[in-house]
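Colleague: Mind having a look at this structure? Questions to follow.
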Amino acid sequence: MAYRDLREFLRALESKGELKRIPFEVDPVLEIAEFADRAVKQGGPALLFEKPKGSTVPVLINAFASMRRMELALEVSSVEEVAARIVEFLEMRMPEGIIGKLKMLPKLAEMGAFFPKTVGKGPCQEVIRTDGFSLLDMPVLQCWPQDAGRFITLPLVFSRNPDTGKRNCGMYRMQVFDERTAGMHWQTHKQGAEHYRRSAHHGRARMDVAVAIGADPATMYSAILPLPPDLDEMMIAGFLRQSPVEMIKCQTCELEVPASAEFVLEGYVELGELRTEGPFGDHTGFYSLADEYPVFHVTCMTQRRDPIYATTIVGPPPMEDYYMGKAIERIFLPLMRLQLPEVRDICMPAEGVFHNLILVSIRKSYPGHARKVMHSIWGTGQAMFSKVIVVVDEDVDVQNVREVAWKALNNIDPQRDIEFVIGPVDSLDHASRLPNYGSKMGIDATRKWPGEGFARPWPDVIEMSADVKSRVDELWKRVAW
Ligand SMILES: Cc1cc2nc3c(=O)[nH]c(=O)nc-3n(C[C@H](O)[C@H](O)[C@H](O)COP(=O)(O)O)c2cc1C
Ligand SMILES: [Mn+2]
């Protein structure tokens with residue numbers, strides 16, 4: 001049964017021993033972040049701060065910060081189950097004959113259950129304020145010492161594509177500037193930024209934006225998924241939770257938000273109005289530099305009567321977002337394999353902070369195959385940001401970073417096997433020659449073939465023969481260690 005809202009998820013975490021309540025006062029300025037960092041590094045539970053200094057609203061952090069909690073969030077025993085469900089749908093074809101078609105009906109009905117549903121009433125509007133509210137009514141964290149201020153770190157930012165009318169929901173952090181305005185940190189490649197550009201193109205003065213904070217976990221999680229433009233995150237959230245997301249109309253703008261949200265900020269960005277945002281201690285483990293971003297003006301704040309404030313911190317890995325990203329890696333592998341069936345597995349190690357390193361194993365079938373895979377990854381959605389791609393043969397376990405380092409470093413002739421390309425890079429890359437533009441590197445660490453001009457024999461990896469191993473298994477028992 002899908003969680004109705006954040007608090008149902010919280011109860012599930014608590015019943016599984018995955019939540020710790022902190023009953024004493026802790027400061028949302030830096031102190032909560034230090035608790036969260038230590039907890040995640042020690043494999044600790046989610047934390048609920050019942051008395052954040054200066055606020056009556058409890059703070060939830062690290063709710064997704066382990067594979068176990070990701071599984072609880074998505075109500076699966078392994079995130080691979082989500083991948084398997086996706087494969088099942090992708091393989092679904094209209095069967096022959098009337099009986100076959102009848103058998104399909106339950107599946108199609110299940111699909112209908114994904115589409116979001118509009119409701120007239122919802123807990124997120126138990127309290128509605130168009131005046132007399134402040135963003136600082138929420139216990140918004142300052143995460144790191146050099147941060148420019150307090151940042152809302154888990155917001156679900158809703159906007160509409162003015163060309164197609166399609167909704168988007170992305171997670172873009174928001175720096176609180178004052179009681180009614182915040183920075184809108186949608187990076188240039190993200191859908192919110194594209195809607196902003198399209199709105200400007202249409203000569204509009206303003207673009208409506210609504211932000212939900214805290215909802216059922218599948219809905220929250222859908223905001224970070226690297227989906228194609230115009231694919232509704234709320235539909236995918238419905239697929240993940242196997243129940244429609246209930247959406248409610250905003251009070252002051254033409255957008256809808258999840259009815260179960262804890263807080264909703266309704267408002268707009270003024271086209272052309274920019275303000276300095278950052279620095280912010282980012283998920284690269286470095287501060288992202290201050291830059292110009294649009295300003296979000298809040299016209300109305302709605303909330304539950306007894307809201308919980310959901311947040312996270314990012315910083316030196318691994319942090320909570322590593323686990324959210326690891327689940328993306330697992331869930332999106334079957335989708336990647338639709339386009340690239342030769343891909344056996346992929347791994348984005350924590351130290352690579354997603355965009356810096358992707359390890360890919362392939363079943364190599366023709367000369368230059370590894371390079372084709374690299375270019376395909378650079379040409380696919382947010383995988384375009386991959387700064388370093390290492391392609392290995394299918395007998396290398398990419399989940400084992402030490403094995404990849406050992407085999408890949410043996411297998412390369414650097415001048416021959418490393419390829420540089422120029423193109424878009426992640427906005428958070430602080431080393432690129434220009435913001436958002438720089439070079440990327442592909443390493444072909446597969447065995448080289450004669451068809452690739454490699455005439456020498458290729459050696460085998462050293463391995464003991466099976467019969468000797470089993471004989472020594474017996475003898476081994478006679479050695480007293
Ligand atoms: C905790 C967290 C914070 C994030 N903050 C930002 C951000 O400030 N700006 C941004 O562009 N992307 C941020 N992201 C990544 C986006 O949410 C992600 O790229 C998403 O797929 C964008 O959705 P879109 O394709 O609909 O724009 C963040 C992700 C997480 C998990
Ligand atoms: Mn999107």
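Following the order of the structure tokens, first chain is A, next is B, and so on, with residues numbered from 1 inside each chain and ligands from 1 in the order they appear.
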Give me the segment 167-225 of chain A side of the contact with segment 48-63 of chain A, cut-off 12 Å, one line per residue showing its nearest atom pair and distance in Å at one decimal, counting only C-alpha atoms, sorted by chain and residue number, as JSON lines.
Modeller:
```
{"residue": "A:Ile213", "atom": "CA", "partner": "A:Leu60", "partner_atom": "CA", "distance": 11.2}
{"residue": "A:Gly214", "atom": "CA", "partner": "A:Leu60", "partner_atom": "CA", "distance": 9.2}
{"residue": "A:Ala215", "atom": "CA", "partner": "A:Leu60", "partner_atom": "CA", "distance": 11.9}
{"residue": "A:Asp216", "atom": "CA", "partner": "A:Ala63", "partner_atom": "CA", "distance": 11.3}
{"residue": "A:Pro217", "atom": "CA", "partner": "A:Ala63", "partner_atom": "CA", "distance": 8.8}
{"residue": "A:Ala218", "atom": "CA", "partner": "A:Ala63", "partner_atom": "CA", "distance": 12.0}
{"residue": "A:Met220", "atom": "CA", "partner": "A:Ala63", "partner_atom": "CA", "distance": 10.9}
{"residue": "A:Tyr221", "atom": "CA", "partner": "A:Ala63", "partner_atom": "CA", "distance": 11.0}
```
Colleague: For those residues, write C-alpha atoms to a file as a short mmCIF file (atom, residue, chain, number, x, y, z; two decimals), in the first residue's frame.
Modeller:
```cif
data_model
loop_
_atom_site.label_atom_id
_atom_site.label_comp_id
_atom_site.auth_asym_id
_atom_site.auth_seq_id
_atom_site.Cartn_x
_atom_site.Cartn_y
_atom_site.Cartn_z
CA ILE A 213 8.22 20.49 0.50
CA GLY A 214 7.69 17.04 2.05
CA ALA A 215 5.33 14.54 0.41
CA ASP A 216 5.07 10.76 0.14
CA PRO A 217 8.57 9.41 -0.59
CA ALA A 218 7.97 8.23 -4.18
CA MET A 220 9.64 13.38 -3.48
CA TYR A 221 12.02 10.98 -5.18
#
```
Colleague: Using only C-alpha atoms and all ligand atoms, what are the residues with an atom within 6 Å of ligand 1, set out as a ChimeraX atom specification?
Modeller: /A:153-154,168-173,185-187,190-192,223-227,321
Colleague: So, counting only C-alpha atoms and all ligand atoms, which residue among A:Ser386, A:Asn436, A:Ser159, A:Ser243 is closest to ligand 2?
Modeller: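 Residue with the minimum atom-to-atom distance to ligand 2: A:Ser159.
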Colleague: Enumerate as an MDAnalysis selection string all residues of segment 279-424 of chain A assigned to strand (DSSP E) by DSSP on the backbone, naming them with the chain letters and numbers the document uses.
Modeller: chainID A and resid 280:281 287:288 291:303 309:311 343:347 357:362 388:393 418:424
Colleague: Let me make sure I understand: among A:Val396, A:Val264, A:Val157, A:Cys253, which one has the smallest atom-to-atom distance to ligand 2 if we use only C-alpha atoms and all ligand atoms?
Modeller: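 Closest candidate: A:Val157.
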Colleague: Could you give me, as a PDB file with N, CA, C and O atoms, in the first residue's frame, the residues within 10 Å of segment 342-351 of chain A, counting only C-alpha atoms and dropping anything in the same chain fewer than 5 positions from it?
Modeller:
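What ended up in around_35.pdb:
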```pdb
ATOM      1  N   THR A 284      29.422  17.956  -4.675  1.00  0.00           N
ATOM      2  CA  THR A 284      30.764  17.602  -5.146  1.00  0.00           C
ATOM      3  C   THR A 284      31.731  17.496  -3.969  1.00  0.00           C
ATOM      4  O   THR A 284      32.845  17.014  -4.124  1.00  0.00           O
ATOM      5  N   GLY A 285      31.321  18.028  -2.813  1.00  0.00           N
ATOM      6  CA  GLY A 285      32.229  18.094  -1.675  1.00  0.00           C
ATOM      7  C   GLY A 285      32.993  19.415  -1.645  1.00  0.00           C
ATOM      8  O   GLY A 285      33.802  19.652  -0.754  1.00  0.00           O
ATOM      9  N   PRO A 316      30.855  16.456   1.195  1.00  0.00           N
ATOM     10  CA  PRO A 316      31.789  15.389   0.816  1.00  0.00           C
ATOM     11  C   PRO A 316      31.110  14.019   0.851  1.00  0.00           C
ATOM     12  O   PRO A 316      30.439  13.693   1.819  1.00  0.00           O
ATOM     13  N   PRO A 317      31.243  13.231  -0.228  1.00  0.00           N
ATOM     14  CA  PRO A 317      30.495  11.973  -0.314  1.00  0.00           C
ATOM     15  C   PRO A 317      31.037  10.910   0.644  1.00  0.00           C
ATOM     16  O   PRO A 317      32.193  11.003   1.025  1.00  0.00           O
ATOM     17  N   PRO A 318      30.242   9.903   0.996  1.00  0.00           N
ATOM     18  CA  PRO A 318      28.840   9.745   0.601  1.00  0.00           C
ATOM     19  C   PRO A 318      27.909  10.512   1.520  1.00  0.00           C
ATOM     20  O   PRO A 318      28.117  10.565   2.723  1.00  0.00           O
ATOM     21  N   MET A 319      26.893  11.101   0.927  1.00  0.00           N
ATOM     22  CA  MET A 319      25.836  11.779   1.673  1.00  0.00           C
ATOM     23  C   MET A 319      24.519  11.134   1.243  1.00  0.00           C
ATOM     24  O   MET A 319      24.493  10.240   0.399  1.00  0.00           O
ATOM     25  N   ASP A 321      22.330  12.003  -0.820  1.00  0.00           N
ATOM     26  CA  ASP A 321      22.055  11.996  -2.267  1.00  0.00           C
ATOM     27  C   ASP A 321      22.783  10.854  -2.979  1.00  0.00           C
ATOM     28  O   ASP A 321      22.370  10.447  -4.057  1.00  0.00           O
ATOM     29  N   TYR A 322      23.866  10.328  -2.368  1.00  0.00           N
ATOM     30  CA  TYR A 322      24.539   9.177  -2.984  1.00  0.00           C
ATOM     31  C   TYR A 322      23.577   7.997  -3.093  1.00  0.00           C
ATOM     32  O   TYR A 322      23.519   7.315  -4.124  1.00  0.00           O
ATOM     33  N   TYR A 323      22.805   7.762  -2.045  1.00  0.00           N
ATOM     34  CA  TYR A 323      21.880   6.613  -2.050  1.00  0.00           C
ATOM     35  C   TYR A 323      20.710   6.859  -3.006  1.00  0.00           C
ATOM     36  O   TYR A 323      20.243   5.941  -3.674  1.00  0.00           O
ATOM     37  N   GLY A 325      20.978   8.581  -5.679  1.00  0.00           N
ATOM     38  CA  GLY A 325      21.581   8.419  -7.003  1.00  0.00           C
ATOM     39  C   GLY A 325      21.870   6.967  -7.330  1.00  0.00           C
ATOM     40  O   GLY A 325      21.737   6.534  -8.486  1.00  0.00           O
ATOM     41  N   LYS A 326      22.273   6.196  -6.316  1.00  0.00           N
ATOM     42  CA  LYS A 326      22.559   4.772  -6.547  1.00  0.00           C
ATOM     43  C   LYS A 326      21.278   4.060  -6.996  1.00  0.00           C
ATOM     44  O   LYS A 326      21.313   3.196  -7.874  1.00  0.00           O
ATOM     45  N   GLU A 329      20.775   4.794 -10.572  1.00  0.00           N
ATOM     46  CA  GLU A 329      21.663   3.944 -11.385  1.00  0.00           C
ATOM     47  C   GLU A 329      21.022   2.576 -11.624  1.00  0.00           C
ATOM     48  O   GLU A 329      20.989   2.080 -12.755  1.00  0.00           O
ATOM     49  N   ARG A 330      20.473   1.984 -10.590  1.00  0.00           N
ATOM     50  CA  ARG A 330      19.871   0.647 -10.707  1.00  0.00           C
ATOM     51  C   ARG A 330      18.578   0.686 -11.523  1.00  0.00           C
ATOM     52  O   ARG A 330      18.305  -0.188 -12.330  1.00  0.00           O
ATOM     53  N   PHE A 332      17.571   2.939 -13.745  1.00  0.00           N
ATOM     54  CA  PHE A 332      17.680   3.387 -15.142  1.00  0.00           C
ATOM     55  C   PHE A 332      18.494   2.457 -16.025  1.00  0.00           C
ATOM     56  O   PHE A 332      18.493   2.614 -17.247  1.00  0.00           O
ATOM     57  N   LEU A 333      19.194   1.481 -15.416  1.00  0.00           N
ATOM     58  CA  LEU A 333      19.987   0.562 -16.245  1.00  0.00           C
ATOM     59  C   LEU A 333      19.151  -0.124 -17.334  1.00  0.00           C
ATOM     60  O   LEU A 333      19.547  -0.132 -18.501  1.00  0.00           O
ATOM     61  N   PRO A 334      17.964  -0.682 -16.999  1.00  0.00           N
ATOM     62  CA  PRO A 334      17.184  -1.319 -18.079  1.00  0.00           C
ATOM     63  C   PRO A 334      16.765  -0.342 -19.164  1.00  0.00           C
ATOM     64  O   PRO A 334      16.663  -0.731 -20.331  1.00  0.00           O
ATOM     65  N   MET A 336      18.541   2.280 -20.129  1.00  0.00           N
ATOM     66  CA  MET A 336      19.751   2.499 -20.911  1.00  0.00           C
ATOM     67  C   MET A 336      19.980   1.327 -21.864  1.00  0.00           C
ATOM     68  O   MET A 336      20.398   1.499 -23.008  1.00  0.00           O
ATOM     69  N   ARG A 337      19.656   0.131 -21.384  1.00  0.00           N
ATOM     70  CA  ARG A 337      19.898  -1.064 -22.200  1.00  0.00           C
ATOM     71  C   ARG A 337      18.922  -1.212 -23.363  1.00  0.00           C
ATOM     72  O   ARG A 337      19.160  -1.996 -24.271  1.00  0.00           O
ATOM     73  N   ASN A 356      31.151  12.921 -12.397  1.00  0.00           N
ATOM     74  CA  ASN A 356      32.593  12.855 -12.698  1.00  0.00           C
ATOM     75  C   ASN A 356      33.064  11.504 -13.204  1.00  0.00           C
ATOM     76  O   ASN A 356      34.108  11.422 -13.850  1.00  0.00           O
ATOM     77  N   LEU A 357      32.352  10.435 -12.886  1.00  0.00           N
ATOM     78  CA  LEU A 357      32.870   9.107 -13.251  1.00  0.00           C
ATOM     79  C   LEU A 357      31.745   8.097 -13.436  1.00  0.00           C
ATOM     80  O   LEU A 357      30.912   7.914 -12.556  1.00  0.00           O
ATOM     81  N   ILE A 358      31.769   7.455 -14.591  1.00  0.00           N
ATOM     82  CA  ILE A 358      30.835   6.351 -14.812  1.00  0.00           C
ATOM     83  C   ILE A 358      31.620   5.171 -15.371  1.00  0.00           C
ATOM     84  O   ILE A 358      32.392   5.314 -16.325  1.00  0.00           O
ATOM     85  N   LEU A 359      31.457   4.038 -14.722  1.00  0.00           N
ATOM     86  CA  LEU A 359      32.129   2.809 -15.143  1.00  0.00           C
ATOM     87  C   LEU A 359      31.103   1.957 -15.882  1.00  0.00           C
ATOM     88  O   LEU A 359      29.991   1.752 -15.379  1.00  0.00           O
ATOM     89  N   VAL A 360      31.458   1.487 -17.056  1.00  0.00           N
ATOM     90  CA  VAL A 360      30.496   0.770 -17.899  1.00  0.00           C
ATOM     91  C   VAL A 360      31.118  -0.525 -18.381  1.00  0.00           C
ATOM     92  O   VAL A 360      32.226  -0.513 -18.930  1.00  0.00           O
ATOM     93  N   SER A 361      30.420  -1.630 -18.195  1.00  0.00           N
ATOM     94  CA  SER A 361      30.905  -2.878 -18.798  1.00  0.00           C
ATOM     95  C   SER A 361      30.030  -3.204 -19.998  1.00  0.00           C
ATOM     96  O   SER A 361      28.808  -3.017 -19.957  1.00  0.00           O
ATOM     97  N   ILE A 362      30.687  -3.659 -21.071  1.00  0.00           N
ATOM     98  CA  ILE A 362      29.943  -3.962 -22.300  1.00  0.00           C
ATOM     99  C   ILE A 362      30.325  -5.333 -22.844  1.00  0.00           C
ATOM    100  O   ILE A 362      31.407  -5.855 -22.559  1.00  0.00           O
ATOM    101  N   ARG A 363      29.412  -5.889 -23.623  1.00  0.00           N
ATOM    102  CA  ARG A 363      29.733  -7.066 -24.432  1.00  0.00           C
ATOM    103  C   ARG A 363      30.223  -6.532 -25.767  1.00  0.00           C
ATOM    104  O   ARG A 363      29.441  -6.079 -26.589  1.00  0.00           O
ATOM    105  N   LYS A 364      31.551  -6.577 -25.928  1.00  0.00           N
ATOM    106  CA  LYS A 364      32.143  -5.934 -27.110  1.00  0.00           C
ATOM    107  C   LYS A 364      31.958  -6.821 -28.334  1.00  0.00           C
ATOM    108  O   LYS A 364      32.330  -7.988 -28.324  1.00  0.00           O
ATOM    109  N   SER A 365      31.409  -6.240 -29.403  1.00  0.00           N
ATOM    110  CA  SER A 365      31.090  -7.033 -30.594  1.00  0.00           C
ATOM    111  C   SER A 365      31.805  -6.583 -31.856  1.00  0.00           C
ATOM    112  O   SER A 365      31.819  -7.312 -32.839  1.00  0.00           O
ATOM    113  N   HIS A 369      33.766  -0.420 -30.512  1.00  0.00           N
ATOM    114  CA  HIS A 369      32.483  -0.522 -29.800  1.00  0.00           C
ATOM    115  C   HIS A 369      32.464   0.337 -28.522  1.00  0.00           C
ATOM    116  O   HIS A 369      31.470   1.004 -28.225  1.00  0.00           O
ATOM    117  N   ALA A 370      33.581   0.296 -27.777  1.00  0.00           N
ATOM    118  CA  ALA A 370      33.622   1.053 -26.512  1.00  0.00           C
ATOM    119  C   ALA A 370      33.409   2.540 -26.770  1.00  0.00           C
ATOM    120  O   ALA A 370      32.714   3.227 -26.015  1.00  0.00           O
ATOM    121  N   VAL A 373      29.828   3.418 -27.370  1.00  0.00           N
ATOM    122  CA  VAL A 373      29.063   3.474 -26.115  1.00  0.00           C
ATOM    123  C   VAL A 373      29.311   4.805 -25.400  1.00  0.00           C
ATOM    124  O   VAL A 373      28.382   5.445 -24.903  1.00  0.00           O
ATOM    125  N   SER A 386      28.753  13.255 -17.962  1.00  0.00           N
ATOM    126  CA  SER A 386      29.785  12.307 -17.512  1.00  0.00           C
ATOM    127  C   SER A 386      31.186  12.797 -17.898  1.00  0.00           C
ATOM    128  O   SER A 386      31.561  12.788 -19.062  1.00  0.00           O
ATOM    129  N   ILE A 389      34.350   8.594 -18.577  1.00  0.00           N
ATOM    130  CA  ILE A 389      33.655   7.325 -18.812  1.00  0.00           C
ATOM    131  C   ILE A 389      34.736   6.257 -18.985  1.00  0.00           C
ATOM    132  O   ILE A 389      35.640   6.436 -19.807  1.00  0.00           O
ATOM    133  N   VAL A 390      34.644   5.196 -18.211  1.00  0.00           N
ATOM    134  CA  VAL A 390      35.580   4.088 -18.366  1.00  0.00           C
ATOM    135  C   VAL A 390      34.796   2.887 -18.880  1.00  0.00           C
ATOM    136  O   VAL A 390      33.851   2.442 -18.213  1.00  0.00           O
ATOM    137  N   VAL A 391      35.162   2.387 -20.057  1.00  0.00           N
ATOM    138  CA  VAL A 391      34.453   1.242 -20.620  1.00  0.00           C
ATOM    139  C   VAL A 391      35.342   0.007 -20.498  1.00  0.00           C
ATOM    140  O   VAL A 391      36.506   0.029 -20.902  1.00  0.00           O
ATOM    141  N   VAL A 392      34.774  -1.041 -19.911  1.00  0.00           N
ATOM    142  CA  VAL A 392      35.522  -2.296 -19.731  1.00  0.00           C
ATOM    143  C   VAL A 392      34.724  -3.442 -20.366  1.00  0.00           C
ATOM    144  O   VAL A 392      33.539  -3.288 -20.687  1.00  0.00           O
ATOM    145  N   ASP A 393      35.397  -4.588 -20.517  1.00  0.00           N
ATOM    146  CA  ASP A 393      34.706  -5.765 -21.043  1.00  0.00           C
ATOM    147  C   ASP A 393      33.752  -6.332 -19.996  1.00  0.00           C
ATOM    148  O   ASP A 393      33.853  -6.035 -18.807  1.00  0.00           O
ATOM    149  N   GLU A 394      32.859  -7.212 -20.468  1.00  0.00           N
ATOM    150  CA  GLU A 394      31.792  -7.697 -19.589  1.00  0.00           C
ATOM    151  C   GLU A 394      32.281  -8.577 -18.439  1.00  0.00           C
ATOM    152  O   GLU A 394      31.560  -8.776 -17.478  1.00  0.00           O
ATOM    153  N   ASP A 395      33.519  -9.101 -18.527  1.00  0.00           N
ATOM    154  CA  ASP A 395      34.014  -9.931 -17.423  1.00  0.00           C
ATOM    155  C   ASP A 395      34.544  -9.086 -16.255  1.00  0.00           C
ATOM    156  O   ASP A 395      35.016  -9.638 -15.261  1.00  0.00           O
ATOM    157  N   VAL A 396      34.459  -7.785 -16.353  1.00  0.00           N
ATOM    158  CA  VAL A 396      34.887  -6.914 -15.249  1.00  0.00           C
ATOM    159  C   VAL A 396      33.650  -6.497 -14.464  1.00  0.00           C
ATOM    160  O   VAL A 396      32.674  -6.022 -15.052  1.00  0.00           O
ATOM    161  N   ASP A 397      33.698  -6.683 -13.133  1.00  0.00           N
ATOM    162  CA  ASP A 397      32.575  -6.285 -12.286  1.00  0.00           C
ATOM    163  C   ASP A 397      32.715  -4.799 -11.950  1.00  0.00           C
ATOM    164  O   ASP A 397      33.532  -4.420 -11.107  1.00  0.00           O
ATOM    165  N   VAL A 398      31.887  -3.968 -12.596  1.00  0.00           N
ATOM    166  CA  VAL A 398      32.056  -2.519 -12.386  1.00  0.00           C
ATOM    167  C   VAL A 398      31.634  -2.056 -10.995  1.00  0.00           C
ATOM    168  O   VAL A 398      31.962  -0.940 -10.586  1.00  0.00           O
ATOM    169  N   GLN A 399      30.903  -2.911 -10.271  1.00  0.00           N
ATOM    170  CA  GLN A 399      30.558  -2.532  -8.895  1.00  0.00           C
ATOM    171  C   GLN A 399      31.777  -2.643  -7.981  1.00  0.00           C
ATOM    172  O   GLN A 399      31.765  -2.149  -6.849  1.00  0.00           O
ATOM    173  N   ASN A 400      32.813  -3.331  -8.480  1.00  0.00           N
ATOM    174  CA  ASN A 400      34.045  -3.490  -7.704  1.00  0.00           C
ATOM    175  C   ASN A 400      35.098  -2.527  -8.271  1.00  0.00           C
ATOM    176  O   ASN A 400      35.791  -2.824  -9.233  1.00  0.00           O
ATOM    177  N   VAL A 401      35.175  -1.358  -7.643  1.00  0.00           N
ATOM    178  CA  VAL A 401      36.009  -0.279  -8.172  1.00  0.00           C
ATOM    179  C   VAL A 401      37.485  -0.690  -8.214  1.00  0.00           C
ATOM    180  O   VAL A 401      38.229  -0.314  -9.122  1.00  0.00           O
TER     181      VAL A 401
END
```
Colleague: What does the distance between atom CA of Ala327 of chain A and atom CA of Thr312 of chain A come to in Å, to one decimal place?
Modeller: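 Calculated distance between atom CA of Ala327 of chain A and atom CA of Thr312 of chain A is 16.7 Å.
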Colleague: Determine, counting only C-alpha atoms, which protein, DNA and RNA residues have an atom within 7 Å of an atom of Gln303 of chain A; residues of the same chain fewer than 4 positions away are not included. Present the result as a list in words.
Modeller: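 Returned residues: Cys124, Gln125, Glu126, Val127, Ile128, Glu262, Phe263, Val264 and Pro307 of chain A.
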Colleague: Store the residues of this selection in a file with N, CA, C and O atoms, as a compact mmCIF listing (two decimals), in the first residue's frame.
Modeller:
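Okay, this is what ended up in part.txt:
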```txt
# COMPACT_ATOMS: atom_id res chain seq x y z
N CYS A 124 -2.38 19.70 2.45
CA CYS A 124 -1.38 20.76 2.26
C CYS A 124 -2.00 22.14 2.29
O CYS A 124 -1.29 23.14 2.35
N GLN A 125 -3.35 22.21 2.25
CA GLN A 125 -4.00 23.53 2.32
C GLN A 125 -4.83 23.68 3.61
O GLN A 125 -5.77 24.47 3.65
N GLU A 126 -4.45 22.94 4.64
CA GLU A 126 -5.15 23.11 5.92
C GLU A 126 -4.98 24.54 6.43
O GLU A 126 -5.88 25.10 7.05
N VAL A 127 -3.82 25.09 6.20
CA VAL A 127 -3.57 26.50 6.56
C VAL A 127 -3.17 27.22 5.28
O VAL A 127 -2.28 26.76 4.56
N ILE A 128 -3.84 28.32 4.98
CA ILE A 128 -3.54 29.09 3.76
C ILE A 128 -3.22 30.52 4.18
O ILE A 128 -4.02 31.16 4.88
N GLU A 262 3.67 18.77 2.90
CA GLU A 262 3.72 19.38 4.23
C GLU A 262 3.62 20.91 4.10
O GLU A 262 2.89 21.55 4.86
N PHE A 263 4.39 21.46 3.16
CA PHE A 263 4.37 22.91 2.90
C PHE A 263 4.24 23.12 1.39
O PHE A 263 4.79 22.33 0.61
N VAL A 264 3.59 24.20 0.99
CA VAL A 264 3.58 24.61 -0.42
C VAL A 264 3.87 26.10 -0.50
O VAL A 264 3.30 26.90 0.26
N PRO A 307 2.96 20.73 10.42
CA PRO A 307 3.87 20.26 9.36
C PRO A 307 5.20 19.72 9.88
O PRO A 307 5.63 20.05 10.99
```
Colleague: To one decimal place, how far is atom CA of Leu274 of chain A from atom CA of Leu434 of chain A in Å?
Modeller: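 A separation of 19.7 Å between them.
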Colleague: Do a neighbour search on segment 421-432 of chain A at 12 Å with only C-alpha atoms, toss out local chain neighbours closer than 2 positions, and write the hits as a PDB file with C-alpha atoms, in the first residue's frame.
Modeller:
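Writing the result to out-v8.pdb gives the following:
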```pdb
ATOM      1  CA  HIS A 185      18.787  27.305  -8.577  1.00  0.00           C
ATOM      2  CA  TRP A 186      17.648  25.462 -11.686  1.00  0.00           C
ATOM      3  CA  GLN A 187      20.838  24.850 -13.611  1.00  0.00           C
ATOM      4  CA  THR A 188      20.912  25.774 -17.263  1.00  0.00           C
ATOM      5  CA  HIS A 189      20.374  22.209 -18.587  1.00  0.00           C
ATOM      6  CA  LYS A 190      17.376  21.477 -16.363  1.00  0.00           C
ATOM      7  CA  GLY A 278      25.521  30.888  -3.326  1.00  0.00           C
ATOM      8  CA  PRO A 279      28.171  29.957  -2.426  1.00  0.00           C
ATOM      9  CA  PHE A 280      26.735  26.668  -1.238  1.00  0.00           C
ATOM     10  CA  GLY A 281      28.508  23.566   0.095  1.00  0.00           C
ATOM     11  CA  ASP A 282      27.547  21.248  -2.741  1.00  0.00           C
ATOM     12  CA  HIS A 283      27.369  17.531  -3.434  1.00  0.00           C
ATOM     13  CA  THR A 284      30.764  17.602  -5.146  1.00  0.00           C
ATOM     14  CA  GLY A 285      32.229  18.094  -1.675  1.00  0.00           C
ATOM     15  CA  PHE A 286      33.305  21.624  -2.672  1.00  0.00           C
ATOM     16  CA  TYR A 287      31.492  24.917  -2.401  1.00  0.00           C
ATOM     17  CA  SER A 288      29.731  25.813  -5.609  1.00  0.00           C
ATOM     18  CA  LEU A 289      30.579  29.400  -6.495  1.00  0.00           C
ATOM     19  CA  ALA A 290      28.137  32.261  -6.296  1.00  0.00           C
ATOM     20  CA  ASP A 291      26.300  32.828  -9.575  1.00  0.00           C
ATOM     21  CA  GLY A 352      32.756  10.436  -8.645  1.00  0.00           C
ATOM     22  CA  VAL A 353      29.761  12.468  -7.353  1.00  0.00           C
ATOM     23  CA  PHE A 354      27.653  11.097 -10.257  1.00  0.00           C
ATOM     24  CA  HIS A 355      28.837  13.297 -13.100  1.00  0.00           C
ATOM     25  CA  ASN A 356      32.593  12.855 -12.698  1.00  0.00           C
ATOM     26  CA  ARG A 371      33.862   4.464 -28.169  1.00  0.00           C
ATOM     27  CA  MET A 374      30.877   6.528 -24.716  1.00  0.00           C
ATOM     28  CA  HIS A 375      29.429   8.818 -27.356  1.00  0.00           C
ATOM     29  CA  TRP A 378      27.404  11.690 -23.813  1.00  0.00           C
ATOM     30  CA  GLY A 379      24.373  12.009 -26.064  1.00  0.00           C
ATOM     31  CA  THR A 380      21.806  10.819 -23.514  1.00  0.00           C
ATOM     32  CA  GLY A 381      19.957  13.206 -21.189  1.00  0.00           C
ATOM     33  CA  GLN A 382      21.803  14.114 -18.016  1.00  0.00           C
ATOM     34  CA  ALA A 383      24.416  11.409 -18.720  1.00  0.00           C
ATOM     35  CA  MET A 384      25.864  14.077 -21.046  1.00  0.00           C
ATOM     36  CA  PHE A 385      27.615  15.442 -17.955  1.00  0.00           C
ATOM     37  CA  SER A 386      29.785  12.307 -17.512  1.00  0.00           C
ATOM     38  CA  LYS A 387      33.281  13.809 -17.181  1.00  0.00           C
ATOM     39  CA  VAL A 388      35.087  10.479 -17.268  1.00  0.00           C
ATOM     40  CA  ILE A 389      33.655   7.325 -18.812  1.00  0.00           C
ATOM     41  CA  ILE A 418      41.859   7.896 -24.198  1.00  0.00           C
ATOM     42  CA  GLU A 419      39.554  10.188 -26.105  1.00  0.00           C
ATOM     43  CA  LEU A 434      34.026  28.025 -18.767  1.00  0.00           C
ATOM     44  CA  PRO A 435      30.863  27.505 -16.731  1.00  0.00           C
ATOM     45  CA  ASN A 436      28.779  24.683 -18.283  1.00  0.00           C
ATOM     46  CA  TYR A 437      31.289  24.095 -21.097  1.00  0.00           C
ATOM     47  CA  GLY A 438      34.400  21.976 -21.113  1.00  0.00           C
ATOM     48  CA  SER A 439      36.056  18.701 -21.936  1.00  0.00           C
ATOM     49  CA  LYS A 440      35.214  15.121 -21.092  1.00  0.00           C
ATOM     50  CA  MET A 441      37.304  11.979 -21.291  1.00  0.00           C
ATOM     51  CA  GLY A 442      36.494   8.466 -22.397  1.00  0.00           C
ATOM     52  CA  ILE A 443      38.803   5.587 -21.562  1.00  0.00           C
TER      53      ILE A 443
END
```
